[in-house]
>>> print(open('model_9.txt').read())   # compact mmCIF, C-alpha atoms and all ligand atoms
# COMPACT_ATOMS: atom_id res chain seq x y z
CA MET Y 1 51.07 104.72 -54.43
CA SER Y 2 54.12 105.67 -56.50
CA SER Y 3 54.73 104.40 -59.99
CA LEU Y 4 57.49 102.19 -58.62
CA ASN Y 5 55.19 100.80 -56.01
CA ARG Y 6 52.65 99.95 -58.70
CA LEU Y 7 55.35 98.41 -60.85
CA PHE Y 8 56.59 96.08 -58.15
CA THR Y 9 53.14 94.90 -57.24
CA VAL Y 10 52.32 93.95 -60.83
CA ALA Y 11 52.54 90.21 -61.25
CA ALA Y 12 54.75 88.81 -63.94
CA VAL Y 13 53.49 87.19 -67.08
CA THR Y 14 55.93 84.42 -67.80
CA VAL Y 15 58.75 82.62 -66.09
CA LEU Y 16 62.02 82.61 -67.96
CA GLY Y 17 63.45 79.28 -68.97
CA ALA Y 18 66.08 77.57 -66.87
CA SER Y 19 69.56 78.75 -67.64
CA SER Y 20 72.72 77.05 -68.76
CA SER Y 21 75.53 75.45 -66.84
CA PHE Y 22 77.70 76.99 -64.14
CA ALA Y 23 81.11 76.07 -62.82
CA ALA Y 24 80.83 72.70 -61.13
CA SER Y 25 84.12 72.80 -59.28
CA GLY Y 26 84.31 75.14 -56.33
CA ALA Y 27 80.93 76.64 -57.14
CA PHE Y 28 79.65 75.79 -53.66
CA ALA Y 29 81.05 75.48 -50.17
CA THR Y 30 83.47 72.57 -50.14
CA SER Y 31 84.24 72.09 -46.45
CA VAL Y 32 82.90 72.54 -42.94
CA VAL Y 33 85.60 74.47 -41.11
CA GLN Y 34 83.77 74.80 -37.80
CA PHE Y 35 80.30 74.10 -36.47
CA VAL Y 36 79.25 75.50 -33.11
CA PRO Y 37 75.72 74.17 -32.66
CA GLY Y 38 73.17 76.08 -30.62
CA PRO Y 39 71.08 74.31 -27.97
CA SER Y 40 68.34 73.26 -30.40
CA ALA Y 41 70.62 71.90 -33.13
CA ASN Y 42 69.70 68.45 -34.37
CA PRO Y 43 72.22 65.76 -35.36
CA SER Y 44 69.78 64.58 -38.02
CA PHE Y 45 70.53 67.83 -39.85
CA PRO Y 46 74.34 67.98 -39.71
CA ALA Y 47 76.77 70.66 -40.85
CA ALA Y 48 77.82 68.57 -43.86
CA ASN Y 49 74.37 69.17 -45.36
CA ALA Y 50 75.49 72.73 -46.17
CA ILE Y 51 78.24 71.45 -48.49
CA GLY Y 52 77.39 71.34 -52.18
CA GLY Y 53 74.48 72.88 -54.05
CA PRO Y 54 71.12 74.12 -52.83
CA THR Y 55 68.14 71.77 -52.69
CA GLY Y 56 65.31 74.28 -52.58
CA GLY Y 57 61.76 73.05 -52.16
CA GLY Y 58 60.06 75.82 -54.13
CA LEU Y 59 58.13 78.80 -52.84
CA ALA Y 60 55.96 76.93 -50.39
CA ASN Y 61 58.29 74.16 -49.19
CA GLY Y 62 61.62 74.28 -47.40
CA SER Y 63 64.48 71.87 -47.99
CA VAL Y 64 65.22 69.37 -45.23
CA HIS Y 65 68.77 68.76 -46.57
CA VAL Y 66 70.05 71.51 -44.30
CA CYS Y 67 72.26 72.21 -41.31
CA VAL Y 68 70.12 73.21 -38.35
CA LEU Y 69 72.26 75.82 -36.57
CA GLY Y 70 70.44 75.71 -33.25
CA VAL Y 71 69.56 78.97 -31.52
CA GLY Y 72 72.63 81.21 -31.67
CA GLY Y 73 74.67 78.50 -33.40
CA SER Y 74 77.24 79.17 -36.09
CA LEU Y 75 78.63 77.38 -39.13
CA THR Y 76 81.90 78.28 -40.88
CA LEU Y 77 82.24 77.04 -44.46
CA GLY Y 78 85.34 76.82 -46.65
CA PHE Y 79 85.73 77.04 -50.44
CA ALA Y 80 88.06 75.43 -52.95
CA ASN Y 81 88.63 78.80 -54.62
CA ALA Y 82 88.63 82.06 -52.67
CA ILE Y 83 85.64 84.34 -53.31
CA VAL Y 84 86.42 87.74 -54.84
CA ASP Y 85 84.54 91.01 -55.17
CA GLY Y 86 83.28 91.35 -58.74
CA PRO Y 87 80.28 93.21 -60.09
CA GLY Y 88 77.10 92.68 -58.04
CA ALA Y 89 76.55 89.68 -55.79
CA ASP Y 90 79.65 87.56 -55.16
CA PHE Y 91 77.95 84.67 -53.41
CA VAL Y 92 74.44 83.51 -52.62
CA ALA Y 93 73.37 81.92 -49.33
CA PHE Y 94 70.38 79.62 -48.96
CA GLU Y 95 68.26 78.86 -45.90
CA ASN Y 96 64.93 77.03 -46.14
CA ALA Y 97 62.41 79.86 -45.77
CA LEU Y 98 59.00 79.14 -47.26
CA THR Y 99 55.81 80.98 -48.06
CA PHE Y 100 52.34 80.42 -46.66
CA GLY Y 101 49.46 82.68 -45.79
CA GLY Y 102 50.73 85.45 -48.04
CA GLY Y 103 54.16 85.84 -46.52
CA VAL Y 104 57.38 84.07 -45.64
CA PHE Y 105 58.19 82.04 -42.55
CA THR Y 106 61.62 83.26 -41.53
CA GLU Y 107 64.52 82.07 -39.39
CA VAL Y 108 67.37 84.43 -40.11
CA ALA Y 109 71.12 84.36 -39.58
CA ALA Y 110 73.94 86.86 -39.89
CA VAL Y 111 76.54 86.35 -42.64
CA GLU Y 112 80.25 87.05 -42.17
CA VAL Y 113 83.36 86.63 -44.31
CA SER Y 114 87.02 86.09 -43.51
CA THR Y 115 90.38 85.79 -45.21
CA ASP Y 116 92.36 84.30 -42.31
CA GLY Y 117 89.64 82.20 -40.66
CA ALA Y 118 89.99 84.15 -37.41
CA ASN Y 119 88.69 87.66 -38.16
CA PHE Y 120 85.23 87.94 -39.68
CA ALA Y 121 83.51 90.99 -41.18
CA ARG Y 122 79.72 90.88 -40.78
CA PHE Y 123 77.39 92.18 -43.47
CA PRO Y 124 75.28 95.09 -42.19
CA MET Y 125 71.79 93.85 -41.38
CA ARG Y 126 68.43 95.63 -41.55
CA TYR Y 127 65.07 94.54 -40.20
CA VAL Y 128 62.06 96.59 -41.29
CA GLY Y 129 59.18 94.89 -39.54
CA PRO Y 130 57.10 94.83 -36.37
CA PRO Y 131 59.33 95.64 -33.34
CA VAL Y 132 57.89 92.77 -31.34
CA ALA Y 133 58.29 89.00 -31.10
CA GLN Y 134 56.76 87.26 -34.12
CA PRO Y 135 54.24 84.42 -33.67
CA PRO Y 136 55.78 80.95 -34.14
CA PHE Y 137 53.98 80.25 -37.40
CA GLY Y 138 53.53 83.82 -38.61
CA THR Y 139 54.90 85.31 -41.79
CA LEU Y 140 56.60 88.49 -42.96
CA PRO Y 141 56.88 89.94 -46.47
CA MET Y 142 59.93 89.14 -48.62
CA GLY Y 143 62.38 92.00 -48.25
CA THR Y 144 61.64 92.56 -44.57
CA PHE Y 145 65.29 91.69 -43.92
CA SER Y 146 68.47 92.66 -45.69
CA GLY Y 147 72.01 91.50 -45.06
CA VAL Y 148 70.86 88.21 -43.54
CA VAL Y 149 70.15 84.73 -44.85
CA GLY Y 150 66.75 83.19 -44.11
CA GLY Y 151 64.19 85.63 -45.45
CA MET Y 152 63.93 84.36 -49.01
CA PRO Y 153 62.47 81.08 -50.35
CA ILE Y 154 64.65 78.83 -52.53
CA LEU Y 155 63.57 77.78 -56.00
CA THR Y 156 66.89 76.44 -57.28
CA ASN Y 157 67.59 72.77 -56.62
CA VAL Y 158 70.66 71.12 -58.12
CA ALA Y 159 69.00 67.70 -57.87
CA THR Y 160 65.65 68.47 -59.43
CA ASN Y 161 65.85 71.52 -61.71
CA ALA Y 162 68.24 73.49 -63.93
CA ILE Y 163 67.87 76.91 -62.31
CA ASP Y 164 71.40 78.28 -61.90
CA PRO Y 165 71.87 78.81 -58.13
CA ARG Y 166 73.65 82.11 -58.85
CA ASP Y 167 70.69 83.44 -60.83
CA LEU Y 168 69.09 85.47 -58.03
CA PRO Y 169 65.90 86.53 -59.85
CA ALA Y 170 65.11 82.91 -60.70
CA GLY Y 171 66.67 80.86 -57.93
CA GLY Y 172 65.96 82.75 -54.73
CA GLY Y 173 68.16 82.89 -51.67
CA GLU Y 174 70.06 85.98 -50.57
CA GLY Y 175 72.87 87.53 -52.61
CA PHE Y 176 75.87 89.11 -50.89
CA ASP Y 177 78.03 91.79 -52.49
CA LEU Y 178 81.44 92.00 -50.85
CA ALA Y 179 81.64 95.66 -51.90
CA GLU Y 180 79.15 96.39 -49.13
CA LEU Y 181 81.93 95.62 -46.66
CA ALA Y 182 84.37 98.15 -48.16
CA ASN Y 183 84.12 100.42 -45.11
CA ASP Y 184 84.29 97.66 -42.51
CA PRO Y 185 87.25 98.32 -40.19
CA LEU Y 186 88.65 94.83 -40.84
CA VAL Y 187 88.60 95.52 -44.58
CA VAL Y 188 90.00 99.03 -44.26
CA GLY Y 189 92.72 97.61 -42.02
CA GLY Y 190 93.66 94.95 -44.56
CA ILE Y 191 92.72 92.03 -42.32
CA VAL Y 192 89.79 90.92 -44.47
CA ASP Y 193 90.76 91.01 -48.16
CA LEU Y 194 87.73 91.29 -50.44
CA THR Y 195 89.78 89.75 -53.25
CA ASP Y 196 90.61 86.72 -51.09
CA VAL Y 197 87.61 85.57 -49.04
CA ARG Y 198 88.19 81.99 -47.94
CA PHE Y 199 85.57 81.55 -45.23
CA VAL Y 200 81.88 82.34 -44.82
CA ARG Y 201 80.45 82.12 -41.30
CA ILE Y 202 76.69 82.01 -40.76
CA VAL Y 203 75.48 82.88 -37.26
CA ASP Y 204 71.90 82.30 -36.14
CA VAL Y 205 70.10 85.43 -34.94
CA PRO Y 206 68.01 84.59 -31.87
CA ALA Y 207 64.80 86.61 -32.24
CA GLY Y 208 64.90 90.01 -30.58
CA THR Y 209 68.44 89.71 -29.24
CA VAL Y 210 70.58 91.14 -32.05
CA LEU Y 211 70.48 94.75 -33.23
CA ASP Y 212 70.52 95.77 -36.88
CA GLU Y 213 72.67 98.57 -38.31
CA VAL Y 214 70.29 101.27 -37.09
CA GLY Y 215 69.94 99.76 -33.62
CA ALA Y 216 66.60 98.00 -34.09
CA PRO Y 217 66.24 94.49 -32.65
CA ILE Y 218 65.80 91.83 -35.35
CA PHE Y 219 62.72 89.65 -34.95
CA ASP Y 220 61.93 86.53 -36.98
CA HIS Y 221 59.78 83.45 -36.41
CA GLY Y 222 62.43 81.39 -34.65
CA GLY Y 223 61.06 82.15 -31.20
CA SER Y 224 63.03 80.56 -28.37
CA THR Y 225 63.71 77.22 -30.08
CA GLY Y 226 63.72 77.75 -33.87
CA SER Y 227 66.95 78.57 -35.70
CA ALA Y 228 68.20 79.08 -39.22
CA ASP Y 229 68.56 75.95 -41.38
CA ILE Y 230 71.44 76.36 -43.83
CA ASP Y 231 71.10 74.64 -47.21
CA ALA Y 232 74.10 75.90 -49.20
CA VAL Y 233 76.34 78.76 -50.28
CA ALA Y 234 76.88 79.26 -54.02
CA VAL Y 235 79.85 81.25 -55.29
CA VAL Y 236 79.26 83.79 -58.05
CA ARG Y 237 82.78 85.25 -58.24
CA ASP Y 238 85.93 83.41 -57.25
CA GLN Y 239 89.61 83.59 -58.07
CA SER Y 240 89.12 81.37 -61.11
CA ASP Y 241 86.90 84.06 -62.65
CA ALA Y 242 88.19 86.29 -65.41
CA LEU Y 243 86.95 89.58 -63.99
CA ALA Y 244 88.24 91.41 -67.06
CA HIS Y 245 85.51 89.68 -69.05
CA THR Y 246 82.62 89.43 -66.63
CA PRO Y 247 79.16 90.83 -67.21
CA ILE Y 248 78.08 93.64 -64.91
CA VAL Y 249 74.83 93.67 -62.93
CA ASP Y 250 74.98 95.86 -59.86
CA LEU Y 251 72.06 97.23 -57.82
CA ARG Y 252 72.21 99.78 -55.05
CA ILE Y 253 70.07 102.34 -53.27
CA ASP Y 254 71.68 105.79 -53.54
CA ALA Y 255 71.80 108.48 -50.87
CA GLY Y 256 68.49 109.90 -52.08
CA GLY Y 257 66.72 106.56 -51.79
CA PHE Y 258 66.66 105.95 -55.54
CA LEU Y 259 67.35 102.47 -56.91
CA VAL Y 260 70.42 102.48 -59.17
CA VAL Y 261 70.99 99.64 -61.63
CA GLU Y 262 74.24 99.19 -63.58
CA ILE Y 263 74.15 96.77 -66.50
CA GLY Y 264 76.96 95.97 -68.91
CA ASP Y 265 80.07 93.89 -69.51
CA ALA Y 266 83.75 94.41 -68.80
CA ASP Y 267 84.50 93.51 -72.43
CA GLY Y 268 82.19 96.28 -73.60
CA PHE Y 269 78.45 96.70 -73.41
CA SER Y 270 77.94 94.82 -76.68
CA ASP Y 271 79.24 91.61 -75.09
CA LEU Y 272 76.18 91.56 -72.83
CA ASP Y 273 73.56 89.15 -74.15
CA LEU Y 274 70.51 91.36 -73.74
CA ALA Y 275 68.21 88.42 -74.39
CA THR Y 276 69.28 86.99 -71.04
CA LEU Y 277 68.56 90.14 -69.02
CA SER Y 278 65.97 89.11 -66.45
CA ALA Y 279 64.45 90.52 -63.29
CA SER Y 280 62.06 89.51 -60.58
CA PHE Y 281 60.21 91.02 -57.65
CA ASP Y 282 59.60 88.65 -54.77
CA LEU Y 283 60.68 85.86 -57.14
CA THR Y 284 57.93 86.67 -59.64
CA THR Y 285 59.44 87.36 -63.05
CA LEU Y 286 59.14 90.93 -64.29
CA GLN Y 287 59.07 91.50 -68.02
CA LEU Y 288 61.62 94.02 -69.24
CA ALA Y 289 58.88 96.22 -70.62
CA SER Y 290 57.26 96.39 -67.22
CA TRP Y 291 60.27 97.41 -65.13
CA LEU Y 292 62.49 99.43 -67.46
CA PRO Y 293 59.98 102.31 -67.78
CA ALA Y 294 60.35 102.95 -64.04
CA PHE Y 295 63.97 103.99 -64.69
CA THR Y 296 65.86 106.67 -66.59
CA ILE Y 297 69.38 106.38 -68.00
CA VAL Y 298 71.68 108.58 -65.94
CA GLY Y 299 75.02 107.44 -67.30
CA ALA Y 300 76.67 105.36 -70.00
CA ASP Y 301 80.21 104.47 -70.98
CA ALA Y 302 81.86 101.78 -73.11
CA THR Y 303 81.16 99.03 -70.60
CA LYS Y 304 77.83 99.81 -68.95
CA VAL Y 305 74.69 101.87 -68.68
CA THR Y 306 73.50 103.25 -65.36
CA LEU Y 307 69.78 103.43 -64.68
CA ARG Y 308 68.10 105.21 -61.78
CA SER Y 309 64.53 104.80 -60.63
CA ILE Y 310 62.28 107.72 -61.47
CA ALA Y 311 60.92 107.74 -57.93
CA PRO Y 312 62.73 107.01 -54.66
CA THR Y 313 62.13 103.52 -53.35
CA VAL Y 314 62.85 104.47 -49.76
CA GLY Y 315 59.72 106.06 -48.37
CA SER Y 316 57.53 104.55 -51.09
CA GLY Y 317 56.13 101.86 -48.85
CA ILE Y 318 57.71 99.13 -50.97
CA LEU Y 319 58.86 96.09 -49.04
CA GLY Y 320 60.14 93.31 -51.24
CA ALA Y 321 63.06 91.76 -53.07
CA PHE Y 322 64.17 93.04 -56.48
CA ALA Y 323 66.75 91.01 -58.39
CA VAL Y 324 68.37 91.26 -61.81
CA SER Y 325 70.69 88.94 -63.75
CA ALA Y 326 72.27 88.78 -67.18
CA ARG Y 327 74.83 86.76 -69.12
CA ASP Y 328 77.44 87.76 -71.63
CA HIS Y 329 77.90 86.08 -74.99
CA ALA Y 330 80.38 83.65 -73.41
CA GLY Y 331 77.64 82.52 -70.99
CA ASP Y 332 79.13 84.07 -67.84
CA LEU Y 333 76.48 85.32 -65.42
CA ALA Y 334 76.23 88.35 -63.15
CA ALA Y 335 73.39 88.92 -60.72
CA ASP Y 336 72.40 91.18 -57.90
CA GLN Y 337 69.51 91.65 -55.50
CA THR Y 338 68.34 94.46 -53.30
CA MET Y 339 65.67 94.60 -50.67
CA LEU Y 340 63.35 97.53 -51.30
CA GLN Y 341 62.44 98.66 -47.82
CA ARG Y 342 60.30 101.45 -46.51
CA CA D 401 64.08 77.49 -41.55
CA CA D 402 80.53 92.34 -55.60
CA CA D 403 82.19 89.38 -71.17
>>> encode(input="model_9.txt", output="structure tokens", more="lines below")
Ligand SMILES: [Ca+2]
Ligand SMILES: [Ca+2]
Ligand SMILES: [Ca+2]
Amino acid sequence: MSSLNRLFTVAAVTVLGASSSFAASGAFATSVVQFVPGPSANPSFPAANAIGGPTGGGLANGSVHVCVLGVGGSLTLGFANAIVDGPGADFVAFENALTFGGGVFTEVAAVEVSTDGANFARFPMRYVGPPVAQPPFGTLPMGTFSGVVGGMPILTNVATNAIDPRDLPAGGGEGFDLAELANDPLVVGGIVDLTDVRFVRIVDVPAGTVLDEVGAPIFDHGGSTGSADIDAVAVVRDQSDALAHTPIVDLRIDAGGFLVVEIGDADGFSDLDLATLSASFDLTTLQLASWLPAFTIVGADATKVTLRSIAPTVGSGILGAFAVSARDHAGDLAADQTMLQR
């Protein structure tokens, strides 16, 4: 077991307090552009339920204020302000995954973005799990999937708690960084503009029928009748944001399998409010003193420091979700999440 592996299996000590306000206007999907229900969609769980903020039920309960896609169904959502690529995650998507029996019950969906509403770039997906159909009420570890929505429980609930839906370490859901689409042909060709994303389309993945980016079929617990249940999409960065002032939290796995973490602020590193720097693994809070020692500083400039894990995460056996967030002294938040997969 590597030092990183030990680190990310150490339970956290305390849960950070709920964070301050976020933009109310345009912070969530504002319209249903198109709903193409799959055969098992249910009118009692209509597309309009995906408008507005997430209503997570906590680790062990899933929201029922959701849009049931139906097997293979799709939902296209619109936004008052176009989403833009800033540091780290640019939006967060919420399904209603829940834990029991030591894992997560999953019904996953692909996530796509568009500028013109006609051409959609799909986030690359990975499934690192058993290459066989999953039992209907089985579970998988958090982090088994990346690039999809539906593998992470939802703790944030705009009706019942003050957890900022954009705060990935605290709120759950899956974060999406538009920068990961930089090499998509539609982006390279100028058809999808990562500074002007107006539509997010969520497409149910019928178990075993869709291949991930390395050609492996994606299996979840949906079976032949279950489908993803979409709660909400929260915007982290949109065109109303002042990107020249935003905090920086950006996670990535480098070519050697090391986890790289950039932390800072566009106004200068000193504008980052270090007291707000928080992290979690599988939604359990990690104290700074427990995770920072697993990293070394490999770069620093006026705006940010770059940390790299001492050991590679790929090949370590780790399977789980690592997330970091921080605010600047003006209260603006940046967050990112990465799935640490074998
Ligand atoms: Ca579900
Ligand atoms: Ca981004
Ligand atoms: Ca700032």
>>> residues_near_ligand(input="model_9.txt", ligand="ligand CA 402 (chain D)", cutoff="12 Å", atoms="all atoms listed in the file", output="NGL selection string")
:Y and (83-92 or 175-182 or 194-195 or 197 or 235-238 or 243 or 246-252 or 334-337)
>>> write_last_selection(input="model_9.txt", atoms="C-alpha atoms", output="PDB file, in the frame of the given file")
ATOM      1  CA  ILE Y  83      85.640  84.340 -53.310  1.00  0.00           C
ATOM      2  CA  VAL Y  84      86.420  87.740 -54.840  1.00  0.00           C
ATOM      3  CA  ASP Y  85      84.540  91.010 -55.170  1.00  0.00           C
ATOM      4  CA  GLY Y  86      83.280  91.350 -58.740  1.00  0.00           C
ATOM      5  CA  PRO Y  87      80.280  93.210 -60.090  1.00  0.00           C
ATOM      6  CA  GLY Y  88      77.100  92.680 -58.040  1.00  0.00           C
ATOM      7  CA  ALA Y  89      76.550  89.680 -55.790  1.00  0.00           C
ATOM      8  CA  ASP Y  90      79.650  87.560 -55.160  1.00  0.00           C
ATOM      9  CA  PHE Y  91      77.950  84.670 -53.410  1.00  0.00           C
ATOM     10  CA  VAL Y  92      74.440  83.510 -52.620  1.00  0.00           C
ATOM     11  CA  GLY Y 175      72.870  87.530 -52.610  1.00  0.00           C
ATOM     12  CA  PHE Y 176      75.870  89.110 -50.890  1.00  0.00           C
ATOM     13  CA  ASP Y 177      78.030  91.790 -52.490  1.00  0.00           C
ATOM     14  CA  LEU Y 178      81.440  92.000 -50.850  1.00  0.00           C
ATOM     15  CA  ALA Y 179      81.640  95.660 -51.900  1.00  0.00           C
ATOM     16  CA  GLU Y 180      79.150  96.390 -49.130  1.00  0.00           C
ATOM     17  CA  LEU Y 181      81.930  95.620 -46.660  1.00  0.00           C
ATOM     18  CA  ALA Y 182      84.370  98.150 -48.160  1.00  0.00           C
ATOM     19  CA  LEU Y 194      87.730  91.290 -50.440  1.00  0.00           C
ATOM     20  CA  THR Y 195      89.780  89.750 -53.250  1.00  0.00           C
ATOM     21  CA  VAL Y 197      87.610  85.570 -49.040  1.00  0.00           C
ATOM     22  CA  VAL Y 235      79.850  81.250 -55.290  1.00  0.00           C
ATOM     23  CA  VAL Y 236      79.260  83.790 -58.050  1.00  0.00           C
ATOM     24  CA  ARG Y 237      82.780  85.250 -58.240  1.00  0.00           C
ATOM     25  CA  ASP Y 238      85.930  83.410 -57.250  1.00  0.00           C
ATOM     26  CA  LEU Y 243      86.950  89.580 -63.990  1.00  0.00           C
ATOM     27  CA  THR Y 246      82.620  89.430 -66.630  1.00  0.00           C
ATOM     28  CA  PRO Y 247      79.160  90.830 -67.210  1.00  0.00           C
ATOM     29  CA  ILE Y 248      78.080  93.640 -64.910  1.00  0.00           C
ATOM     30  CA  VAL Y 249      74.830  93.670 -62.930  1.00  0.00           C
ATOM     31  CA  ASP Y 250      74.980  95.860 -59.860  1.00  0.00           C
ATOM     32  CA  LEU Y 251      72.060  97.230 -57.820  1.00  0.00           C
ATOM     33  CA  ARG Y 252      72.210  99.780 -55.050  1.00  0.00           C
ATOM     34  CA  ALA Y 334      76.230  88.350 -63.150  1.00  0.00           C
ATOM     35  CA  ALA Y 335      73.390  88.920 -60.720  1.00  0.00           C
ATOM     36  CA  ASP Y 336      72.400  91.180 -57.900  1.00  0.00           C
ATOM     37  CA  GLN Y 337      69.510  91.650 -55.500  1.00  0.00           C
TER      38      GLN Y 337
END
>>> residues_near_ligand(input="model_9.txt", ligand="ligand CA 403 (chain D)", cutoff="6 Å", atoms="all atoms listed in the file", output="list in words")
His245, Thr246, Pro247, Asp265, Ala266, Asp267, Asp271 and Asp328 of chain Y
>>> closest_atom_pairs(input="model_9.txt", of="chain Y", to="ligand CA 401 (chain D)", cutoff="7 Å", atoms="only C-alpha atoms and all ligand atoms", output="Markdown table")
| residue | atom | partner | partner_atom | distance |
| --- | --- | --- | --- | --- |
| Y:Glu95 | CA | D:CA401 | CA | 6.2 |
| Y:Asn96 | CA | D:CA401 | CA | 4.7 |
| Y:Ala97 | CA | D:CA401 | CA | 5.1 |
| Y:Thr106 | CA | D:CA401 | CA | 6.3 |
| Y:Glu107 | CA | D:CA401 | CA | 5.1 |
| Y:Gly150 | CA | D:CA401 | CA | 6.8 |
| Y:Ser227 | CA | D:CA401 | CA | 6.6 |
| Y:Ala228 | CA | D:CA401 | CA | 5.0 |
| Y:Asp229 | CA | D:CA401 | CA | 4.7 |
>>> atom_distance(input="model_9.txt", atom1="CA of Phe219 in chain Y", atom2="CA of Val192 in chain Y")
28.7 Å
>>> atom_distance(input="model_9.txt", atom1="CA of Phe322 in chain Y", atom2="CA of Leu168 in chain Y")
9.2 Å
>>> residues_around(input="model_9.txt", residues="Ala93 in chain Y", least_positions_apart="2", cutoff="10 Å", atoms="all atoms listed in the file", output="short mmCIF file (atom, residue, chain, number, x, y, z; two decimals) with C-alpha atoms, keeping the file's coordinate frame")
data_model
loop_
_atom_site.label_atom_id
_atom_site.label_comp_id
_atom_site.auth_asym_id
_atom_site.auth_seq_id
_atom_site.Cartn_x
_atom_site.Cartn_y
_atom_site.Cartn_z
CA PHE Y 28 79.65 75.79 -53.66
CA ALA Y 50 75.49 72.73 -46.17
CA PRO Y 54 71.12 74.12 -52.83
CA PHE Y 91 77.95 84.67 -53.41
CA GLU Y 95 68.26 78.86 -45.90
CA VAL Y 111 76.54 86.35 -42.64
CA VAL Y 148 70.86 88.21 -43.54
CA VAL Y 149 70.15 84.73 -44.85
CA GLY Y 150 66.75 83.19 -44.11
CA MET Y 152 63.93 84.36 -49.01
CA ILE Y 154 64.65 78.83 -52.53
CA PRO Y 165 71.87 78.81 -58.13
CA ARG Y 166 73.65 82.11 -58.85
CA GLY Y 172 65.96 82.75 -54.73
CA GLY Y 173 68.16 82.89 -51.67
CA GLU Y 174 70.06 85.98 -50.57
CA GLY Y 175 72.87 87.53 -52.61
CA PHE Y 176 75.87 89.11 -50.89
CA VAL Y 200 81.88 82.34 -44.82
CA ILE Y 202 76.69 82.01 -40.76
CA ILE Y 230 71.44 76.36 -43.83
CA ASP Y 231 71.10 74.64 -47.21
CA ALA Y 232 74.10 75.90 -49.20
CA VAL Y 233 76.34 78.76 -50.28
CA ALA Y 234 76.88 79.26 -54.02
CA VAL Y 235 79.85 81.25 -55.29
#
>>> closest_residue(input="model_9.txt", among="Y:Val132, Y:Val113, Y:Leu340, Y:Ala162", to="Asp254 in chain Y", atoms="all atoms listed in the file")
Y:Leu340
>>> closest_residue(input="model_9.txt", among="Y:Asn49, Y:Thr99, Y:Asn61, Y:Gln341", to="Gly315 in chain Y", atoms="only C-alpha atoms")
Y:Gln341
>>> residues_near_point(input="model_9.txt", point="(67.8, 77.0, -57.9)", cutoff="6 Å", atoms="only C-alpha atoms", output="ChimeraX atom specification")
/Y:155-157,163-165,171
>>> write_last_selection(input="model_9.txt", atoms="C-alpha atoms", output="PDB file, in the coordinates of the input")
ATOM      1  CA  LEU Y 155      63.570  77.780 -56.000  1.00  0.00           C
ATOM      2  CA  THR Y 156      66.890  76.440 -57.280  1.00  0.00           C
ATOM      3  CA  ASN Y 157      67.590  72.770 -56.620  1.00  0.00           C
ATOM      4  CA  ILE Y 163      67.870  76.910 -62.310  1.00  0.00           C
ATOM      5  CA  ASP Y 164      71.400  78.280 -61.900  1.00  0.00           C
ATOM      6  CA  PRO Y 165      71.870  78.810 -58.130  1.00  0.00           C
ATOM      7  CA  GLY Y 171      66.670  80.860 -57.930  1.00  0.00           C
TER       8      GLY Y 171
END
>>> decode(input="model_9.txt", residues="range 129-140 of chain Y", atoms="N, CA and C atoms", output="PDB file, in the first residue's frame")
ATOM      1  N   GLY Y 129     -14.212  -0.958 -13.411  1.00  0.00           N
ATOM      2  CA  GLY Y 129     -14.948  -1.863 -12.544  1.00  0.00           C
ATOM      3  C   GLY Y 129     -15.108  -3.212 -13.206  1.00  0.00           C
ATOM      4  N   PRO Y 130     -15.890  -4.091 -12.587  1.00  0.00           N
ATOM      5  CA  PRO Y 130     -16.070  -5.433 -13.144  1.00  0.00           C
ATOM      6  C   PRO Y 130     -16.650  -5.356 -14.562  1.00  0.00           C
ATOM      7  N   PRO Y 131     -16.078  -6.123 -15.511  1.00  0.00           N
ATOM      8  CA  PRO Y 131     -16.524  -6.040 -16.910  1.00  0.00           C
ATOM      9  C   PRO Y 131     -17.738  -6.915 -17.184  1.00  0.00           C
ATOM     10  N   VAL Y 132     -18.657  -6.903 -16.253  1.00  0.00           N
ATOM     11  CA  VAL Y 132     -19.861  -7.741 -16.373  1.00  0.00           C
ATOM     12  C   VAL Y 132     -21.049  -6.950 -15.838  1.00  0.00           C
ATOM     13  N   ALA Y 133     -22.254  -7.398 -16.194  1.00  0.00           N
ATOM     14  CA  ALA Y 133     -23.472  -6.751 -15.720  1.00  0.00           C
ATOM     15  C   ALA Y 133     -23.482  -6.726 -14.192  1.00  0.00           C
ATOM     16  N   GLN Y 134     -23.879  -5.595 -13.623  1.00  0.00           N
ATOM     17  CA  GLN Y 134     -23.920  -5.443 -12.174  1.00  0.00           C
ATOM     18  C   GLN Y 134     -25.290  -5.878 -11.649  1.00  0.00           C
ATOM     19  N   PRO Y 135     -25.315  -6.483 -10.447  1.00  0.00           N
ATOM     20  CA  PRO Y 135     -26.611  -6.889  -9.881  1.00  0.00           C
ATOM     21  C   PRO Y 135     -27.497  -5.664  -9.633  1.00  0.00           C
ATOM     22  N   PRO Y 136     -28.819  -5.830  -9.717  1.00  0.00           N
ATOM     23  CA  PRO Y 136     -29.732  -4.687  -9.650  1.00  0.00           C
ATOM     24  C   PRO Y 136     -29.560  -3.839  -8.393  1.00  0.00           C
ATOM     25  N   PHE Y 137     -29.260  -4.444  -7.271  1.00  0.00           N
ATOM     26  CA  PHE Y 137     -29.109  -3.646  -6.058  1.00  0.00           C
ATOM     27  C   PHE Y 137     -27.690  -3.771  -5.506  1.00  0.00           C
ATOM     28  N   GLY Y 138     -26.723  -3.933  -6.400  1.00  0.00           N
ATOM     29  CA  GLY Y 138     -25.329  -3.976  -5.993  1.00  0.00           C
ATOM     30  C   GLY Y 138     -24.766  -2.580  -5.804  1.00  0.00           C
ATOM     31  N   THR Y 139     -23.501  -2.518  -5.451  1.00  0.00           N
ATOM     32  CA  THR Y 139     -22.834  -1.230  -5.306  1.00  0.00           C
ATOM     33  C   THR Y 139     -21.434  -1.305  -5.895  1.00  0.00           C
ATOM     34  N   LEU Y 140     -20.899  -0.129  -6.181  1.00  0.00           N
ATOM     35  CA  LEU Y 140     -19.527   0.026  -6.655  1.00  0.00           C
ATOM     36  C   LEU Y 140     -18.886   1.131  -5.827  1.00  0.00           C
TER      37      LEU Y 140
END
